[in-house]
Amino acid sequence: MIDLTRIPIFPLAIFPLPGELVPLHIFGPRYRQLLDDAEKGDISFGIFFNHVDNTHKLGSLVKLESVIKRFPGGESDIIVKCIDIFRMESLHRTFKDKLYPGGDIERYQVDLKKPVKGKLQKEFGSYLKLLLIPNAKQVTSIFQIANELSLDNQDRLKFVAIDGEKKEAFLLSRLRYQIRLVLEAEKSKDVFHLN
């Protein structure tokens with residue numbers, strides 16, 4: 001039996017991964033109400049990835065990190081942090097007696113403290129050195145690597161849908177591609193000369 005939880009939902013065309021910080025501009029009345037509830041009740045809410053390619057009905061569970069700016073008309077700029085991934089079972093027009101939507105979700109229960117090892121850890125360390133990032137913190141999560149690689153939404157969907165060790169192989173291929181790009185960019189610096 002699937003353990004479902006009903007949460008507030010904010011449909012957007014973005015798909016943050018666990019550990020990622022995301023800026024949002026809140027302007028509609030229903031989402032201003034959601035922001036107010038998130039602030040006062042310290043609740044998390046779901047960003048449902050509203051895109052035709054999202055056949056698995058995936059979304060990101062986020063928590064309000066901070067309000068950056070409040071505008072006179074009631075709009076706000078905020079930062080949210082993704083804390084988990086979910087699969088949405090059903091979407092409801094409203095959440096309880098609120099203006100904003102709600103959804104019944106199944107959480108993935110992502111463990112951001114589960115360390116990566118082996119080739120992926122080693123190659124990621126090499127990648128950070130290429131980018132001249134000194135004393136980079138030890139990576140503790142496969143999702144931290146995915147966030148550093150700035151995967152597009154298609155790759156994010158593929159990455160989340162893949163099981164177990166295949167996730168590491170997927171990221172390893174993307175990481176190697178990024179390393180090649182950085183090395184090619186370094187080579188091209190020697191080709192161009194300033195006037």
# chains A, B, ... in the order shown; residues from 1 in each chain; ligands from 1

$ residues_around --residues "Ile7 (chain A)" --least-positions-apart "3" --cutoff "9 Å" --atoms "only C-alpha atoms" --output "list of chain:residue names"
A:Ser44, A:Phe45, A:Gly46, A:Phe95, A:Pro101, A:Gly102, A:Gly103, A:Asp104, A:Ile105

$ write_last_selection --atoms "N, CA and C atoms" --output "PDB file, in the first residue's frame"
ATOM      1  N   SER A  44       6.017  22.794   4.577  1.00  0.00           N
ATOM      2  CA  SER A  44       6.621  22.566   3.268  1.00  0.00           C
ATOM      3  C   SER A  44       5.500  22.481   2.245  1.00  0.00           C
ATOM      4  N   PHE A  45       5.854  22.676   0.971  1.00  0.00           N
ATOM      5  CA  PHE A  45       4.868  22.564  -0.097  1.00  0.00           C
ATOM      6  C   PHE A  45       5.547  21.970  -1.322  1.00  0.00           C
ATOM      7  N   GLY A  46       4.741  21.529  -2.245  1.00  0.00           N
ATOM      8  CA  GLY A  46       5.265  20.869  -3.429  1.00  0.00           C
ATOM      9  C   GLY A  46       5.301  21.781  -4.635  1.00  0.00           C
ATOM     10  N   PHE A  95      -6.546  23.198  -1.681  1.00  0.00           N
ATOM     11  CA  PHE A  95      -6.010  22.479  -0.525  1.00  0.00           C
ATOM     12  C   PHE A  95      -6.832  22.908   0.689  1.00  0.00           C
ATOM     13  N   PRO A 101      -3.873  25.142  -4.850  1.00  0.00           N
ATOM     14  CA  PRO A 101      -4.130  23.711  -5.061  1.00  0.00           C
ATOM     15  C   PRO A 101      -3.449  22.830  -4.013  1.00  0.00           C
ATOM     16  N   GLY A 102      -3.905  21.589  -3.969  1.00  0.00           N
ATOM     17  CA  GLY A 102      -3.290  20.578  -3.112  1.00  0.00           C
ATOM     18  C   GLY A 102      -3.113  19.297  -3.905  1.00  0.00           C
ATOM     19  N   GLY A 103      -2.329  18.405  -3.370  1.00  0.00           N
ATOM     20  CA  GLY A 103      -2.112  17.141  -4.061  1.00  0.00           C
ATOM     21  C   GLY A 103      -1.803  16.019  -3.097  1.00  0.00           C
ATOM     22  N   ASP A 104      -2.179  14.811  -3.503  1.00  0.00           N
ATOM     23  CA  ASP A 104      -1.831  13.613  -2.749  1.00  0.00           C
ATOM     24  C   ASP A 104      -0.540  13.077  -3.345  1.00  0.00           C
ATOM     25  N   ILE A 105       0.490  12.981  -2.524  1.00  0.00           N
ATOM     26  CA  ILE A 105       1.820  12.630  -3.021  1.00  0.00           C
ATOM     27  C   ILE A 105       2.406  11.437  -2.283  1.00  0.00           C
TER      28      ILE A 105
END

$ residues_around --residues "Asn54 (chain A)" --least-positions-apart "5" --cutoff "10 Å" --atoms "only C-alpha atoms" --output "VMD selection string"
chain A and resid 15 48 to 49 59 153 to 154 157 to 158

$ write_last_selection --atoms "C-alpha atoms" --output "PDB file, in the first residue's frame"
ATOM      1  CA  PHE A  15      12.133  20.737 -11.226  1.00  0.00           C
ATOM      2  CA  PHE A  48       4.849  20.082  -9.256  1.00  0.00           C
ATOM      3  CA  PHE A  49       6.883  20.022 -12.479  1.00  0.00           C
ATOM      4  CA  GLY A  59       7.664  17.167  -8.202  1.00  0.00           C
ATOM      5  CA  ASN A 153      14.892  19.458 -16.844  1.00  0.00           C
ATOM      6  CA  GLN A 154      15.017  16.476 -19.222  1.00  0.00           C
ATOM      7  CA  LEU A 157      13.638  13.687 -14.968  1.00  0.00           C
ATOM      8  CA  LYS A 158      15.838  10.879 -16.325  1.00  0.00           C
TER       9      LYS A 158
END

$ select_by_dssp --residues "chain A" --states "alpha helix (DSSP H)" --output "MDAnalysis selection string"
chainID A and resid 29:41 118:130 142:148 153:161 164:191

$ residues_around --residues "region 60-72 of chain A" --least-positions-apart "3" --cutoff "8 Å" --atoms "only C-alpha atoms" --output "MDAnalysis selection string"
chainID A and resid 15:18 38:39 42:49 75:86

$ closest_residue --among "A:Gly19, A:Pro29, A:Gly73, A:Gly164" --to "Lys113 (chain A)" --atoms "only C-alpha atoms"
A:Gly19

$ residues_around --residues "Arg176 (chain A)" --least-positions-apart "5" --cutoff "9 Å" --atoms "only C-alpha atoms" --output "PyMOL selection string"
chain A and resi 123-124+127+171+181

$ residues_around --residues "Tyr100 (chain A)" --least-positions-apart "2" --cutoff "12 Å" --atoms "only C-alpha atoms" --output "number ranges by chain"
A: 7-11, 28-37, 45-46, 91-98, 102-103

$ select_by_dssp --residues "chain A" --states "strand (DSSP E)" --output "CSV table (one decimal) with C-alpha atoms, in the first residue's frame"
chain,number,residue,atom,x,y,z
A,5,THR,CA,0.3,12.7,2.1
A,6,ARG,CA,-1.8,15.7,1.1
A,7,ILE,CA,0.3,18.8,0.7
A,8,PRO,CA,-0.1,22.3,-0.8
A,9,ILE,CA,1.0,22.4,-4.5
A,10,PHE,CA,2.5,25.1,-6.6
A,11,PRO,CA,2.6,24.0,-10.3
A,12,LEU,CA,5.6,25.5,-12.1
A,21,LEU,CA,18.1,26.6,-3.5
A,22,VAL,CA,15.6,28.2,-5.9
A,23,PRO,CA,14.5,31.9,-6.1
A,24,LEU,CA,10.8,32.4,-6.8
A,25,HIS,CA,8.7,35.6,-7.4
A,26,ILE,CA,5.3,35.2,-5.8
A,44,SER,CA,6.6,22.6,3.3
A,45,PHE,CA,4.9,22.6,-0.1
A,46,GLY,CA,5.3,20.9,-3.4
A,47,ILE,CA,6.5,22.3,-6.7
A,48,PHE,CA,4.8,20.1,-9.3
A,49,PHE,CA,6.9,20.0,-12.5
A,58,LEU,CA,7.2,14.1,-10.4
A,59,GLY,CA,7.7,17.2,-8.2
A,60,SER,CA,9.9,18.7,-5.6
A,61,LEU,CA,9.0,19.1,-1.9
A,62,VAL,CA,10.4,22.5,-0.8
A,63,LYS,CA,10.6,24.6,2.4
A,64,LEU,CA,10.8,28.4,2.6
A,65,GLU,CA,14.3,29.5,3.4
A,66,SER,CA,13.9,33.3,3.3
A,67,VAL,CA,11.9,36.2,2.0
A,68,ILE,CA,14.3,38.4,0.1
A,69,LYS,CA,12.0,41.3,-0.7
A,70,ARG,CA,8.4,42.3,-0.2
A,76,SER,CA,7.5,38.8,-2.8
A,77,ASP,CA,10.8,37.5,-3.9
A,78,ILE,CA,11.6,34.3,-1.9
A,79,ILE,CA,14.2,31.5,-1.7
A,80,VAL,CA,13.0,27.9,-1.2
A,81,LYS,CA,15.1,24.8,-0.6
A,82,CYS,CA,14.2,21.4,-2.1
A,83,ILE,CA,14.2,18.8,0.7
A,84,ASP,CA,12.7,15.8,-1.2
A,85,ILE,CA,11.2,14.5,-4.4
A,86,PHE,CA,7.6,13.2,-4.8
A,87,ARG,CA,5.3,11.4,-7.2
A,88,MET,CA,1.9,13.0,-7.4
A,89,GLU,CA,-1.0,10.6,-7.2
A,90,SER,CA,-3.8,13.2,-7.6
A,91,LEU,CA,-4.1,17.0,-7.9
A,92,HIS,CA,-7.0,18.9,-6.2
A,102,GLY,CA,-3.3,20.6,-3.1
A,103,GLY,CA,-2.1,17.1,-4.1
A,104,ASP,CA,-1.8,13.6,-2.7
A,105,ILE,CA,1.8,12.6,-3.0
A,106,GLU,CA,4.2,9.8,-2.3
A,107,ARG,CA,7.5,11.0,-1.0
